[in-house]
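Undergrad: Following this message is one structure expressed as structure tokens.
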Amino acid sequence: MHYQKYYPVDVVNGPGTRCTLFVSGCEHQCKGCYNQSTWRTDSGHLFTQAMEDQVIKDLNDSRIKRRGLSLSGGDPLHPVNVAAIQRLVERVRRECPDKDIWLWTGYTLAKLNDAQQAVIRHVDVVIDGKFEQEHYDPSLLWRGSANQVIHYLNEPESAWSKS
Ligand code: SF4
């Protein structure tokens, strides 16, 4: 897997203070995509074992308390990314048990294949669907267009307002 950017401290992508990883690789080709440079699966930097270890270390860093990990892109559920993302979310669950995981994908939840669904089983909140320029609404929280849906998989929406 390759990634575009990693922010060890981020307060923009999801609730609270977070670690955020923007992976490379996206096949959705949404009109009006904010970041076409993420489309190529080999763009950006290689996501190495050292980077994976760094994410875990940052999540557990007690000097700056992080609420969780945000996975975006590109698309974390692009077929070339699924195995690495699966490993990462399993490690977060095992080694950072008090952290949440949010994931943005252009695929819709109802149409995920088995491998993609296996990732989602470890995720707390999924924002799904392609970006649709005709439904763009800058007032929306955590999503760019009104067709995209925030799925709170483990806790009700009200639990996330305490950030
Ligand atoms: S899913 Fe996101 S990164 Fe992929 S084309 Fe659409 S807007 Fe761009």
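Scheme for the structure tokens: letters A, B, ... for chains in order shown; per-chain residue numbers from 1; ligand numbers from 1 in order shown.
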Would you mind listing the residues within 9 Å of ligand 1, counting only C-alpha atoms and all ligand atoms, as a count of residues only?

TA: 30

Undergrad: Using only C-alpha atoms for the distances, tell me which of A:Leu69, A:Ile127, A:Leu140, A:Leu103 is nearest to Val55 in chain A.

TA: A:Leu69

Undergrad: Which one is closest to Arg40 in chain A: A:Val23, A:Cys96, A:Leu141, A:Ile64? Count only C-alpha atoms.

TA: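 Looking only at the distances to Arg40 in chain A, the closest residue turns out to be A:Val23.
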
Undergrad: How far is it from CA of Arg67 in chain A to CA of Asp100 in chain A, in Å with one decimal?

TA: 6.5 Å
